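data_5.txt follows; it contains compact mmCIF, C-alpha atoms.
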# COMPACT_ATOMS: atom_id res chain seq x y z
CA MET A 6 -3.05 52.73 -27.86
CA PRO A 7 0.02 51.51 -25.92
CA VAL A 8 -0.37 50.99 -22.18
CA SER A 9 1.58 53.56 -20.17
CA TYR A 10 4.42 52.37 -17.94
CA PRO A 11 2.78 53.41 -14.63
CA ILE A 12 -0.37 51.47 -15.56
CA ARG A 13 1.73 48.47 -16.55
CA SER A 14 3.50 48.48 -13.21
CA LEU A 15 0.23 48.82 -11.28
CA LEU A 16 -1.56 46.05 -13.19
CA TYR A 17 1.31 43.62 -12.68
CA LEU A 18 1.44 44.42 -8.98
CA ILE A 19 -2.33 43.98 -8.53
CA PHE A 20 -2.19 40.45 -9.95
CA LEU A 21 1.26 39.51 -8.67
CA ILE A 22 0.51 39.38 -4.94
CA PRO A 23 -2.64 37.18 -5.07
CA SER A 24 -1.02 35.01 -7.76
CA VAL A 25 1.98 34.18 -5.56
CA ILE A 26 -0.23 33.55 -2.53
CA CYS A 27 -2.52 31.27 -4.53
CA ALA A 28 0.38 29.31 -6.04
CA ILE A 29 2.15 28.81 -2.70
CA PHE A 30 -1.13 27.78 -1.07
CA CYS A 31 -1.77 25.09 -3.69
CA LEU A 32 1.86 23.98 -3.74
CA TYR A 33 1.75 23.47 0.02
CA HIS A 34 -1.20 21.09 -0.27
CA PHE A 35 0.27 19.27 -3.26
CA ILE A 36 3.59 18.67 -1.56
CA THR A 37 2.50 17.95 2.02
CA ASN A 38 -0.22 15.48 1.06
CA ARG A 39 1.48 12.21 0.09
CA ALA A 40 -1.43 10.94 -1.99
CA LEU A 41 -1.53 14.15 -4.00
CA ARG A 42 2.24 14.26 -4.30
CA ASN A 43 2.43 10.71 -5.70
CA ALA A 44 -0.38 11.15 -8.23
CA LEU A 45 1.14 11.25 -11.73
CA ASN A 46 -1.24 13.89 -13.04
CA ASN A 47 -0.21 16.30 -10.28
CA HIS A 48 3.53 16.24 -11.00
CA VAL A 49 3.38 18.58 -13.98
CA VAL A 50 1.09 20.93 -12.05
CA ILE A 51 3.61 21.10 -9.20
CA PHE A 52 6.33 22.03 -11.70
CA ILE A 53 4.15 24.66 -13.37
CA LEU A 54 3.24 26.27 -10.06
CA GLY A 55 6.81 26.05 -8.74
CA PHE A 56 8.40 27.71 -11.75
CA GLY A 57 5.56 30.22 -11.82
CA VAL A 58 6.35 31.29 -8.26
CA PHE A 59 10.03 31.57 -9.12
CA LEU A 60 9.30 33.73 -12.18
CA ASN A 61 6.90 35.92 -10.23
CA MET A 62 9.39 36.45 -7.40
CA THR A 63 12.20 37.44 -9.78
CA ASP A 64 11.27 38.43 -13.32
CA MET A 65 7.86 39.91 -12.56
CA ILE A 66 9.15 41.96 -9.61
CA TRP A 67 11.89 43.34 -11.85
CA PHE A 68 9.25 44.22 -14.46
CA VAL A 69 7.16 46.04 -11.84
CA ASP A 70 10.19 48.08 -10.76
CA PHE A 71 11.26 48.76 -14.35
CA TYR A 72 7.85 50.04 -15.42
CA ARG A 73 7.66 52.16 -12.26
CA THR A 74 11.10 53.80 -12.55
CA ARG A 75 11.79 53.34 -16.28
CA ARG A 76 15.20 51.97 -15.28
CA VAL A 77 16.49 48.46 -14.74
CA PRO A 78 16.70 47.66 -11.01
CA ILE A 79 20.45 46.92 -11.05
CA PHE A 80 22.41 48.22 -14.01
CA THR A 81 25.29 45.75 -14.18
CA ARG A 82 26.27 43.32 -16.93
CA ALA A 83 25.78 40.32 -14.62
CA PHE A 84 22.26 41.36 -13.64
CA CYS A 85 21.22 42.24 -17.19
CA PHE A 86 22.23 38.85 -18.58
CA THR A 87 20.73 37.05 -15.57
CA TRP A 88 17.43 38.85 -16.07
CA ALA A 89 17.32 38.00 -19.77
CA TYR A 90 18.22 34.37 -19.05
CA ILE A 91 15.57 33.90 -16.37
CA ASP A 92 12.94 35.76 -18.37
CA TYR A 93 13.25 33.64 -21.49
CA ALA A 94 14.24 30.28 -19.98
CA VAL A 95 11.62 30.05 -17.22
CA PHE A 96 8.80 31.40 -19.39
CA VAL A 97 9.53 28.75 -22.02
CA VAL A 98 9.80 26.05 -19.32
CA ILE A 99 6.28 26.90 -18.14
CA THR A 100 4.95 26.97 -21.72
CA LEU A 101 6.45 23.55 -22.50
CA LEU A 102 5.13 22.12 -19.22
CA VAL A 103 1.61 23.31 -20.00
CA THR A 104 1.98 21.79 -23.47
CA TRP A 105 3.08 18.46 -22.02
CA ALA A 106 0.25 18.55 -19.48
CA SER A 107 -2.27 18.88 -22.32
CA ILE A 108 -0.71 15.82 -23.99
CA GLU A 109 -0.23 13.72 -20.85
CA ARG A 110 -3.90 14.00 -19.93
CA HIS A 111 -4.70 11.82 -22.95
CA ILE A 112 -2.21 9.18 -21.78
CA LEU A 113 -3.46 9.10 -18.19
CA ILE A 114 -7.12 8.97 -19.13
CA PHE A 115 -7.27 6.83 -22.26
CA HIS A 116 -3.95 4.96 -22.25
CA HIS A 117 -3.12 4.58 -18.56
CA ASN A 118 -1.50 1.19 -19.28
CA LEU A 119 1.37 3.14 -20.85
CA THR A 120 2.43 4.21 -17.35
CA ALA A 121 1.80 0.86 -15.67
CA THR A 122 5.48 -0.08 -15.17
CA PRO A 123 8.51 1.85 -13.89
CA ILE A 124 10.17 1.74 -17.33
CA LYS A 125 7.07 3.07 -19.06
CA ARG A 126 6.65 5.77 -16.42
CA PHE A 127 10.24 6.84 -16.91
CA PHE A 128 9.95 7.30 -20.69
CA LEU A 129 6.39 8.62 -20.84
CA HIS A 130 6.22 10.63 -17.63
CA TYR A 131 9.48 11.57 -15.94
CA LEU A 132 11.65 11.97 -19.05
CA PRO A 133 9.29 14.42 -20.80
CA LEU A 134 9.12 16.48 -17.59
CA ALA A 135 12.91 16.55 -17.41
CA ILE A 136 13.21 17.59 -21.06
CA CYS A 137 10.69 20.40 -20.60
CA VAL A 138 12.79 21.77 -17.73
CA VAL A 139 16.38 21.09 -18.81
CA TYR A 140 16.17 21.96 -22.52
CA PRO A 141 15.16 25.67 -22.17
CA PHE A 142 17.79 26.32 -19.49
CA ALA A 143 20.48 24.69 -21.63
CA TYR A 144 19.34 26.43 -24.83
CA TYR A 145 19.29 29.94 -23.37
CA PHE A 146 22.53 29.36 -21.48
CA VAL A 147 24.18 28.84 -24.85
CA ILE A 148 22.38 31.87 -26.30
CA TYR A 149 23.31 34.30 -23.53
CA PHE A 150 26.54 32.97 -22.05
CA VAL A 151 28.28 30.97 -24.79
CA LEU A 152 27.51 32.54 -28.18
CA PRO A 153 29.02 35.99 -28.74
CA CYS A 154 26.52 38.84 -28.55
CA GLU A 155 27.89 42.30 -29.15
CA ILE A 156 25.31 44.60 -27.64
CA VAL A 157 25.39 47.95 -25.89
CA LEU A 158 23.67 47.73 -22.51
CA LYS A 159 20.97 50.35 -22.01
CA GLU A 160 19.54 51.15 -18.61
CA THR A 161 16.20 52.23 -20.08
CA ARG A 162 15.44 48.94 -21.88
CA ILE A 163 13.97 45.74 -20.46
CA GLY A 164 16.85 43.44 -19.57
CA CYS A 165 19.19 46.24 -20.66
CA GLY A 166 18.50 45.17 -24.25
CA VAL A 167 20.16 41.79 -23.74
CA LEU A 168 16.95 40.04 -24.85
CA ASP A 169 17.91 40.98 -28.40
CA CYS A 170 20.67 38.39 -28.27
CA ALA A 171 18.03 35.71 -28.82
CA GLN A 172 17.28 37.33 -32.20
CA SER A 173 20.79 38.37 -33.21
CA ILE A 174 20.84 35.50 -35.74
CA THR A 175 17.69 35.39 -37.87
CA ALA A 176 17.47 31.59 -38.03
CA VAL A 177 17.94 31.30 -34.26
CA GLY A 178 15.30 33.95 -33.61
CA VAL A 179 12.76 32.23 -35.86
CA TRP A 180 13.51 28.85 -34.23
CA ASP A 181 13.08 30.44 -30.80
CA SER A 182 9.71 31.94 -31.57
CA LEU A 183 8.26 29.03 -33.52
CA VAL A 184 9.53 26.02 -31.54
CA HIS A 185 9.33 27.56 -28.08
CA ASN A 186 6.13 29.54 -28.42
CA VAL A 187 3.95 29.33 -31.55
CA VAL A 188 3.98 25.53 -31.96
CA PRO A 189 3.49 24.77 -28.22
CA ILE A 190 0.55 27.19 -28.03
CA CYS A 191 -1.11 25.51 -31.01
CA MET A 192 -0.53 22.11 -29.37
CA ILE A 193 -2.07 23.31 -26.11
CA ALA A 194 -5.21 24.34 -27.96
CA ILE A 195 -5.42 21.21 -30.11
CA PHE A 196 -4.82 18.65 -27.36
CA SER A 197 -6.99 20.43 -24.79
CA LEU A 198 -9.98 20.68 -27.10
CA ALA A 199 -9.35 17.14 -28.34
CA LEU A 200 -9.50 15.86 -24.77
CA LEU A 201 -12.97 17.29 -24.27
CA ALA A 202 -14.05 15.78 -27.57
CA ARG A 203 -12.61 12.36 -26.65
CA VAL A 204 -14.35 12.37 -23.27
CA TRP A 205 -17.64 13.18 -24.98
CA TYR A 206 -17.13 10.57 -27.71
CA SER A 207 -16.10 7.83 -25.26
CA LYS A 208 -19.35 8.35 -23.37
CA TYR A 209 -21.38 8.53 -26.57
CA ARG A 210 -19.84 5.34 -27.96
CA VAL A 211 -20.93 3.26 -24.96
CA HIS A 212 -24.32 5.01 -24.92
CA GLN A 213 -23.73 6.65 -21.56
CA ARG A 214 -25.35 9.91 -20.68
CA ILE A 215 -22.93 12.81 -20.42
CA HIS A 216 -23.14 14.39 -16.98
CA TRP A 217 -21.39 17.61 -17.83
CA ARG A 218 -21.51 18.69 -14.21
CA ASN A 219 -18.88 16.01 -13.51
CA TYR A 220 -16.63 17.45 -16.20
CA ARG A 221 -17.40 21.12 -15.70
CA LYS A 222 -14.24 21.88 -13.72
CA MET A 223 -12.01 20.11 -16.24
CA ALA A 224 -13.74 21.89 -19.12
CA ILE A 225 -13.39 25.30 -17.47
CA GLN A 226 -9.75 24.67 -16.67
CA LEU A 227 -8.86 23.45 -20.16
CA LEU A 228 -10.78 26.18 -21.96
CA SER A 229 -9.38 28.89 -19.65
CA ILE A 230 -5.75 27.85 -20.14
CA THR A 231 -6.28 27.43 -23.88
CA GLY A 232 -7.99 30.80 -24.06
CA ILE A 233 -5.28 32.81 -22.32
CA TYR A 234 -2.56 31.27 -24.47
CA LEU A 235 -4.45 31.80 -27.73
CA ILE A 236 -5.76 35.27 -26.93
CA ILE A 237 -2.93 36.73 -24.85
CA VAL A 238 0.28 34.96 -25.88
CA PHE A 239 -0.26 33.83 -29.46
CA PRO A 240 -0.51 37.33 -31.05
CA SER A 241 2.68 38.38 -29.26
CA MET A 242 4.53 35.29 -30.47
CA VAL A 243 3.39 35.78 -34.08
CA LEU A 244 4.71 39.34 -33.97
CA PHE A 245 7.88 38.07 -32.29
CA THR A 246 8.39 35.65 -35.17
CA MET A 247 7.86 38.41 -37.73
CA ASP A 248 10.30 40.64 -35.86
CA ALA A 249 12.91 37.86 -35.70
CA ALA A 250 12.49 37.29 -39.44
CA GLY A 251 12.85 41.01 -40.08
CA VAL A 252 9.44 41.46 -41.69
CA LEU A 253 7.59 43.29 -38.92
CA ASP A 254 6.36 46.71 -40.00
CA PRO A 255 7.76 49.48 -37.76
CA SER A 256 4.25 50.85 -37.27
CA ALA A 257 3.32 47.63 -35.43
CA TYR A 258 5.94 47.96 -32.70
CA ASP A 259 3.62 49.74 -30.27
CA PHE A 260 1.08 46.93 -30.60
CA TYR A 261 3.89 44.37 -30.32
CA SER A 262 5.06 46.02 -27.09
CA SER A 263 1.56 45.84 -25.61
CA THR A 264 1.01 42.19 -26.58
CA TYR A 265 4.43 41.30 -25.18
CA TYR A 266 3.46 42.96 -21.90
CA PHE A 267 0.13 41.14 -21.64
CA SER A 268 1.69 37.75 -22.47
CA TYR A 269 3.07 37.57 -18.92
CA PHE A 270 -0.44 37.50 -17.51
CA THR A 271 -0.45 33.79 -18.37
CA VAL A 272 2.02 33.26 -15.53
CA LEU A 273 0.02 35.49 -13.19
CA LEU A 274 -3.34 33.85 -13.95
CA THR A 275 -2.37 30.17 -14.22
CA PRO A 276 -2.35 29.46 -10.42
CA PHE A 277 -6.02 30.43 -10.19
CA PHE A 278 -6.97 27.72 -12.68
CA PHE A 279 -5.59 25.08 -10.31
CA LEU A 280 -7.26 26.58 -7.26
CA SER A 281 -10.39 24.81 -6.06
CA PRO A 282 -11.94 23.52 -2.82
CA ARG A 283 -9.61 20.55 -3.27
CA CYS A 284 -6.82 22.82 -2.07
CA VAL A 285 -8.62 22.93 1.25
CA ARG A 286 -10.20 19.52 1.58
CA SER A 287 -10.34 16.21 -0.21
CA ASN A 288 -13.45 15.08 -2.07
CA ARG A 289 -14.71 12.39 -4.40
CA VAL A 290 -12.54 13.27 -7.39
CA ALA A 291 -9.65 10.85 -7.75
CA THR A 292 -6.19 10.67 -9.21
CA ILE A 293 -4.02 7.74 -10.10
CA ASN A 294 -1.40 6.62 -7.60
CA PRO A 295 1.54 5.22 -9.63
CA MET A 296 2.59 2.79 -6.91
CA THR A 297 -0.70 1.07 -6.17
CA ARG A 298 -2.72 1.95 -9.29
CA THR A 299 -5.53 2.87 -6.91
CA ARG A 300 -7.38 6.13 -6.81
CA THR A 301 -6.85 8.81 -4.19
CA PRO A 302 -8.28 12.34 -3.70
CA ALA A 303 -6.79 15.11 -5.83
CA ILE A 304 -6.42 18.87 -5.66
CA ALA A 305 -6.70 19.75 -9.30
CA GLN A 306 -8.81 17.91 -11.81
CA VAL A 307 -6.16 17.78 -14.48
CA ALA A 308 -6.71 14.23 -15.60
CA HIS A 309 -10.38 13.62 -14.93
Can you dump the structure from the file as structure tokens?
Amino acid sequence: MPVSYPIRSLLYLIFLIPSVICAIFCLYHFITNRALRNALNNHVVIFILGFGVFLNMTDMIWFVDFYRTRRVPIFTRAFCFTWAYIDYAVFVVITLLVTWASIERHILIFHHNLTATPIKRFFLHYLPLAICVVYPFAYYFVIYFVLPCEIVLKETRIGCGVLDCAQSITAVGVWDSLVHNVVPICMIAIFSLALLARVWYSKYRVHQRIHWRNYRKMAIQLLSITGIYLIIVFPSMVLFTMDAAGVLDPSAYDFYSSTYYFSYFTVLLTPFFFLSPRCVRSNRVATINPMTRTRTPAIAQVAH
């Protein structure tokens, strides 16, 4: 049964306000604390939270208003294309950043020598972050503002229907869904679960007892992020791929609409996974300072 528009608007609004407050709260502590700001493992988290706040303050507010009124907030060509651009580009930026975070944890924990010099840090830390941010904005700029897209704007459709431009060419639509969504989600699951396995195996190999209490927060964080992407986003992206390829059965569109709606809860819920007492005070958990290679207190246990 599809979720009604009033319920959709209310659910988004209920989660939107605490999500923004939580993200800004954590961002404040990440940015104002020099030790936390310089820690390599916190950089990707800062980007994820920052782009999440931006998406919540633009795209999600427009969704709330659209589901409440059944009309786009501002029915102009400029706004419609801007909404579509922000919606797709920023969502993919966050997805790619989460994917890179799941990969980078392995480097920082098991191969920290790969970030021991400025050159290594550039190629294995800063450059991937830049690619995750720049590529989606460049890609969707071409899709929405360079390539021709003959479409009739409709006030009663999300983004005025401009989102269809990303699927106007079958090959482009399939690339968009697979490369920007399906493959990254699979990588998030694989690398996150592999990290837990590697931590366990590294302890087992040296015959050390596993104190799971020390890794509980990391395990909860990894499994939570993996879970929301697999359960909430993955079905939507599979249906999106089928739709782009032109093989989606018309009877599945109601389910597709609901899964598409729920996929945005990843953005709303992610800040809570990085919230912990570390946002209020420092404690024994440490992160790696790239300048001194010493360990300093951290907010989020993303690498330990």
(request) In Å, rounded to a single decimal, give me how far CA of Phe68 (chain A) is from CA of Arg82 (chain A). (result)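 Interatomic distance, CA of Arg82 (chain A) to CA of Phe68 (chain A): 17.2 Å.
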(request) Name the closest residue to Tyr266 (chain A) among the candidates A:Ser173, A:Asn61, A:Ser241, A:Asn38; distances are taken between atoms, counting only C-alpha atoms. (result)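 Using only C-alpha atoms, Tyr266 (chain A) sits closest to A:Ser241.
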(message) Given the point (16.5, 26.4, -25.8) in the coordinates of this file, which residues lie within 12 Å, counting all atoms listed in the file, and how would they look as number ranges by chain?
(response) A: 90, 93-98, 101, 136-149, 171, 177-178, 180-186
Let me see the file: selected residues, C-alpha atoms, as a compact mmCIF listing (two decimals), in the frame of the given file.
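Heads up, here's the output in out.txt:
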# COMPACT_ATOMS: atom_id res chain seq x y z
CA TYR A 90 18.22 34.37 -19.05
CA TYR A 93 13.25 33.64 -21.49
CA ALA A 94 14.24 30.28 -19.98
CA VAL A 95 11.62 30.05 -17.22
CA PHE A 96 8.80 31.40 -19.39
CA VAL A 97 9.53 28.75 -22.02
CA VAL A 98 9.80 26.05 -19.32
CA LEU A 101 6.45 23.55 -22.50
CA ILE A 136 13.21 17.59 -21.06
CA CYS A 137 10.69 20.40 -20.60
CA VAL A 138 12.79 21.77 -17.73
CA VAL A 139 16.38 21.09 -18.81
CA TYR A 140 16.17 21.96 -22.52
CA PRO A 141 15.16 25.67 -22.17
CA PHE A 142 17.79 26.32 -19.49
CA ALA A 143 20.48 24.69 -21.63
CA TYR A 144 19.34 26.43 -24.83
CA TYR A 145 19.29 29.94 -23.37
CA PHE A 146 22.53 29.36 -21.48
CA VAL A 147 24.18 28.84 -24.85
CA ILE A 148 22.38 31.87 -26.30
CA TYR A 149 23.31 34.30 -23.53
CA ALA A 171 18.03 35.71 -28.82
CA VAL A 177 17.94 31.30 -34.26
CA GLY A 178 15.30 33.95 -33.61
CA TRP A 180 13.51 28.85 -34.23
CA ASP A 181 13.08 30.44 -30.80
CA SER A 182 9.71 31.94 -31.57
CA LEU A 183 8.26 29.03 -33.52
CA VAL A 184 9.53 26.02 -31.54
CA HIS A 185 9.33 27.56 -28.08
CA ASN A 186 6.13 29.54 -28.42
(message) Env of Asp92 (chain A): 8 Å cut, atoms = only C-alpha atoms, seq-sep filter 4 positions within chain, self excluded. Answer as a list of chain:residue names.
(response) A:Leu60, A:Asp64, A:Trp88, A:Phe96
(request) May I ask which of the residues A:Ala83, A:Ala28, A:Val187, A:Ile193 is the closest one to Leu102 (chain A), counting all atoms listed in the file? (result) A:Ile193
Let me know the centre plus edge lengths, in Å and rounded to one decimal, of a box with edges along x, y and z that contains all listed atoms of region 239-256 of chain A and is padded by 6 Å on every side, as lines of an AutoDock Vina configuration file.
center_x = 6.2
center_y = 42.3
center_z = -35.5
size_x = 25.4
size_y = 29.0
size_z = 24.4
(request) Identify which of the residues A:His34, A:Arg13, A:Arg75, A:Arg110 lies closest to Val49 (chain A), counting only C-alpha atoms when measuring atom-to-atom distances. (result)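 Ranked by minimum distance to Val49 (chain A), first place goes to A:Arg110.
Of note, CA of Val103 (chain A) and CA of Leu274 (chain A) are spaced 13.1 Å apart.
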(message) Using all atoms listed in the file, can you tell me which of A:Pro255, A:Thr264, A:Ala44, A:Ile91 comes closest to Phe56 (chain A)?
(response) A:Ile91
(request) Have a look at A:Leu18, A:Cys191, A:Ile225, A:Leu280 and name the one nearest to Cys31 (chain A); count only C-alpha atoms. (result)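 Comparing A:Leu18, A:Cys191, A:Ile225, A:Leu280 against Cys31 (chain A), the winner is A:Leu280.
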(request) One decimal, Å: what's the distance from CA of Tyr17 (chain A) over to CA of Val77 (chain A), could you say? (result)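 Atom-to-atom, CA of Tyr17 (chain A) and CA of Val77 (chain A) are spaced 16.1 Å apart.
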(message) Let me make sure I understand: among A:Phe279, A:Tyr265, A:Phe127, A:Tyr33, which one has the smallest atom-to-atom distance to Gln226 (chain A) if we use all atoms listed in the file?
(response)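 Between A:Phe279, A:Tyr265, A:Phe127, A:Tyr33, the residue approaching Gln226 (chain A) most closely is A:Phe279.
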(request) Using only C-alpha atoms, find all polymer residues with an atom at most 12 Å away from the point (-0.3, 35.9, -28.5); report them as a ChimeraX atom specification. (result) /A:182,186-191,231-246,260-271
Go ahead and write the selection's residues with C-alpha atoms as an mmCIF file, in the frame of the given file.
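The result, stored in selection_17.cif:
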data_model
loop_
_atom_site.group_PDB
_atom_site.id
_atom_site.type_symbol
_atom_site.label_atom_id
_atom_site.label_comp_id
_atom_site.auth_asym_id
_atom_site.auth_seq_id
_atom_site.Cartn_x
_atom_site.Cartn_y
_atom_site.Cartn_z
ATOM 1 C CA SER A 182 9.710 31.940 -31.570
ATOM 2 C CA ASN A 186 6.130 29.540 -28.420
ATOM 3 C CA VAL A 187 3.950 29.330 -31.550
ATOM 4 C CA VAL A 188 3.980 25.530 -31.960
ATOM 5 C CA PRO A 189 3.490 24.770 -28.220
ATOM 6 C CA ILE A 190 0.550 27.190 -28.030
ATOM 7 C CA CYS A 191 -1.110 25.510 -31.010
ATOM 8 C CA THR A 231 -6.280 27.430 -23.880
ATOM 9 C CA GLY A 232 -7.990 30.800 -24.060
ATOM 10 C CA ILE A 233 -5.280 32.810 -22.320
ATOM 11 C CA TYR A 234 -2.560 31.270 -24.470
ATOM 12 C CA LEU A 235 -4.450 31.800 -27.730
ATOM 13 C CA ILE A 236 -5.760 35.270 -26.930
ATOM 14 C CA ILE A 237 -2.930 36.730 -24.850
ATOM 15 C CA VAL A 238 0.280 34.960 -25.880
ATOM 16 C CA PHE A 239 -0.260 33.830 -29.460
ATOM 17 C CA PRO A 240 -0.510 37.330 -31.050
ATOM 18 C CA SER A 241 2.680 38.380 -29.260
ATOM 19 C CA MET A 242 4.530 35.290 -30.470
ATOM 20 C CA VAL A 243 3.390 35.780 -34.080
ATOM 21 C CA LEU A 244 4.710 39.340 -33.970
ATOM 22 C CA PHE A 245 7.880 38.070 -32.290
ATOM 23 C CA THR A 246 8.390 35.650 -35.170
ATOM 24 C CA PHE A 260 1.080 46.930 -30.600
ATOM 25 C CA TYR A 261 3.890 44.370 -30.320
ATOM 26 C CA SER A 262 5.060 46.020 -27.090
ATOM 27 C CA SER A 263 1.560 45.840 -25.610
ATOM 28 C CA THR A 264 1.010 42.190 -26.580
ATOM 29 C CA TYR A 265 4.430 41.300 -25.180
ATOM 30 C CA TYR A 266 3.460 42.960 -21.900
ATOM 31 C CA PHE A 267 0.130 41.140 -21.640
ATOM 32 C CA SER A 268 1.690 37.750 -22.470
ATOM 33 C CA TYR A 269 3.070 37.570 -18.920
ATOM 34 C CA PHE A 270 -0.440 37.500 -17.510
ATOM 35 C CA THR A 271 -0.450 33.790 -18.370
#
Where atoms are lacking, region 201-208 of chain A completed to all heavy atoms, as a PDB file, in the coordinates of the input:
ATOM      1  N   LEU A 201     -11.536  17.141 -24.512  1.00  0.00           N
ATOM      2  CA  LEU A 201     -12.970  17.290 -24.270  1.00  0.00           C
ATOM      3  C   LEU A 201     -13.779  16.489 -25.280  1.00  0.00           C
ATOM      4  O   LEU A 201     -14.774  15.841 -24.933  1.00  0.00           O
ATOM      5  CB  LEU A 201     -13.353  18.772 -24.334  1.00  0.00           C
ATOM      6  CG  LEU A 201     -12.769  19.683 -23.253  1.00  0.00           C
ATOM      7  CD1 LEU A 201     -13.179  21.126 -23.503  1.00  0.00           C
ATOM      8  CD2 LEU A 201     -13.207  19.238 -21.870  1.00  0.00           C
ATOM      9  N   ALA A 202     -13.338  16.523 -26.529  1.00  0.00           N
ATOM     10  CA  ALA A 202     -14.050  15.780 -27.570  1.00  0.00           C
ATOM     11  C   ALA A 202     -13.953  14.274 -27.329  1.00  0.00           C
ATOM     12  O   ALA A 202     -14.929  13.535 -27.514  1.00  0.00           O
ATOM     13  CB  ALA A 202     -13.468  16.127 -28.942  1.00  0.00           C
ATOM     14  N   ARG A 203     -12.784  13.798 -26.895  1.00  0.00           N
ATOM     15  CA  ARG A 203     -12.610  12.360 -26.650  1.00  0.00           C
ATOM     16  C   ARG A 203     -13.439  11.896 -25.461  1.00  0.00           C
ATOM     17  O   ARG A 203     -13.994  10.792 -25.474  1.00  0.00           O
ATOM     18  CB  ARG A 203     -11.129  12.044 -26.416  1.00  0.00           C
ATOM     19  CG  ARG A 203     -10.262  12.183 -27.643  1.00  0.00           C
ATOM     20  CD  ARG A 203      -8.855  11.708 -27.376  1.00  0.00           C
ATOM     21  NE  ARG A 203      -8.791  10.242 -27.264  1.00  0.00           N
ATOM     22  CZ  ARG A 203      -7.657   9.585 -27.043  1.00  0.00           C
ATOM     23  NH1 ARG A 203      -6.517  10.257 -26.889  1.00  0.00           N
ATOM     24  NH2 ARG A 203      -7.667   8.268 -26.971  1.00  0.00           N
ATOM     25  N   VAL A 204     -13.518  12.724 -24.426  1.00  0.00           N
ATOM     26  CA  VAL A 204     -14.350  12.370 -23.270  1.00  0.00           C
ATOM     27  C   VAL A 204     -15.806  12.253 -23.704  1.00  0.00           C
ATOM     28  O   VAL A 204     -16.507  11.299 -23.340  1.00  0.00           O
ATOM     29  CB  VAL A 204     -14.197  13.426 -22.151  1.00  0.00           C
ATOM     30  CG1 VAL A 204     -15.248  13.206 -21.072  1.00  0.00           C
ATOM     31  CG2 VAL A 204     -12.797  13.355 -21.540  1.00  0.00           C
ATOM     32  N   TRP A 205     -16.264  13.226 -24.487  1.00  0.00           N
ATOM     33  CA  TRP A 205     -17.640  13.180 -24.980  1.00  0.00           C
ATOM     34  C   TRP A 205     -17.875  11.948 -25.849  1.00  0.00           C
ATOM     35  O   TRP A 205     -18.864  11.233 -25.683  1.00  0.00           O
ATOM     36  CB  TRP A 205     -17.958  14.438 -25.776  1.00  0.00           C
ATOM     37  CG  TRP A 205     -19.319  14.402 -26.393  1.00  0.00           C
ATOM     38  CD1 TRP A 205     -20.508  14.734 -25.819  1.00  0.00           C
ATOM     39  CD2 TRP A 205     -19.633  13.982 -27.727  1.00  0.00           C
ATOM     40  NE1 TRP A 205     -21.544  14.547 -26.704  1.00  0.00           N
ATOM     41  CE2 TRP A 205     -21.037  14.087 -27.878  1.00  0.00           C
ATOM     42  CE3 TRP A 205     -18.862  13.529 -28.802  1.00  0.00           C
ATOM     43  CZ2 TRP A 205     -21.674  13.758 -29.069  1.00  0.00           C
ATOM     44  CZ3 TRP A 205     -19.499  13.199 -29.982  1.00  0.00           C
ATOM     45  CH2 TRP A 205     -20.891  13.308 -30.114  1.00  0.00           C
ATOM     46  N   TYR A 206     -16.948  11.687 -26.771  1.00  0.00           N
ATOM     47  CA  TYR A 206     -17.130  10.570 -27.710  1.00  0.00           C
ATOM     48  C   TYR A 206     -17.074   9.226 -26.989  1.00  0.00           C
ATOM     49  O   TYR A 206     -17.823   8.298 -27.334  1.00  0.00           O
ATOM     50  CB  TYR A 206     -16.062  10.620 -28.790  1.00  0.00           C
ATOM     51  CG  TYR A 206     -16.185   9.485 -29.793  1.00  0.00           C
ATOM     52  CD1 TYR A 206     -17.207   9.472 -30.734  1.00  0.00           C
ATOM     53  CD2 TYR A 206     -15.280   8.421 -29.771  1.00  0.00           C
ATOM     54  CE1 TYR A 206     -17.336   8.441 -31.647  1.00  0.00           C
ATOM     55  CE2 TYR A 206     -15.399   7.382 -30.679  1.00  0.00           C
ATOM     56  CZ  TYR A 206     -16.432   7.390 -31.618  1.00  0.00           C
ATOM     57  OH  TYR A 206     -16.557   6.361 -32.512  1.00  0.00           O
ATOM     58  N   SER A 207     -16.194   9.109 -25.979  1.00  0.00           N
ATOM     59  CA  SER A 207     -16.100   7.830 -25.260  1.00  0.00           C
ATOM     60  C   SER A 207     -17.396   7.514 -24.539  1.00  0.00           C
ATOM     61  O   SER A 207     -17.800   6.359 -24.442  1.00  0.00           O
ATOM     62  CB  SER A 207     -14.935   7.878 -24.264  1.00  0.00           C
ATOM     63  OG  SER A 207     -15.174   8.831 -23.248  1.00  0.00           O
ATOM     64  N   LYS A 208     -18.062   8.546 -24.022  1.00  0.00           N
ATOM     65  CA  LYS A 208     -19.350   8.350 -23.370  1.00  0.00           C
ATOM     66  C   LYS A 208     -20.439   8.032 -24.411  1.00  0.00           C
ATOM     67  O   LYS A 208     -21.282   7.155 -24.201  1.00  0.00           O
ATOM     68  CB  LYS A 208     -19.745   9.595 -22.571  1.00  0.00           C
ATOM     69  CG  LYS A 208     -18.847   9.879 -21.378  1.00  0.00           C
ATOM     70  CD  LYS A 208     -19.058   8.842 -20.290  1.00  0.00           C
ATOM     71  CE  LYS A 208     -18.259   9.191 -19.048  1.00  0.00           C
ATOM     72  NZ  LYS A 208     -18.461   8.197 -17.968  1.00  0.00           N
TER      73      LYS A 208
END
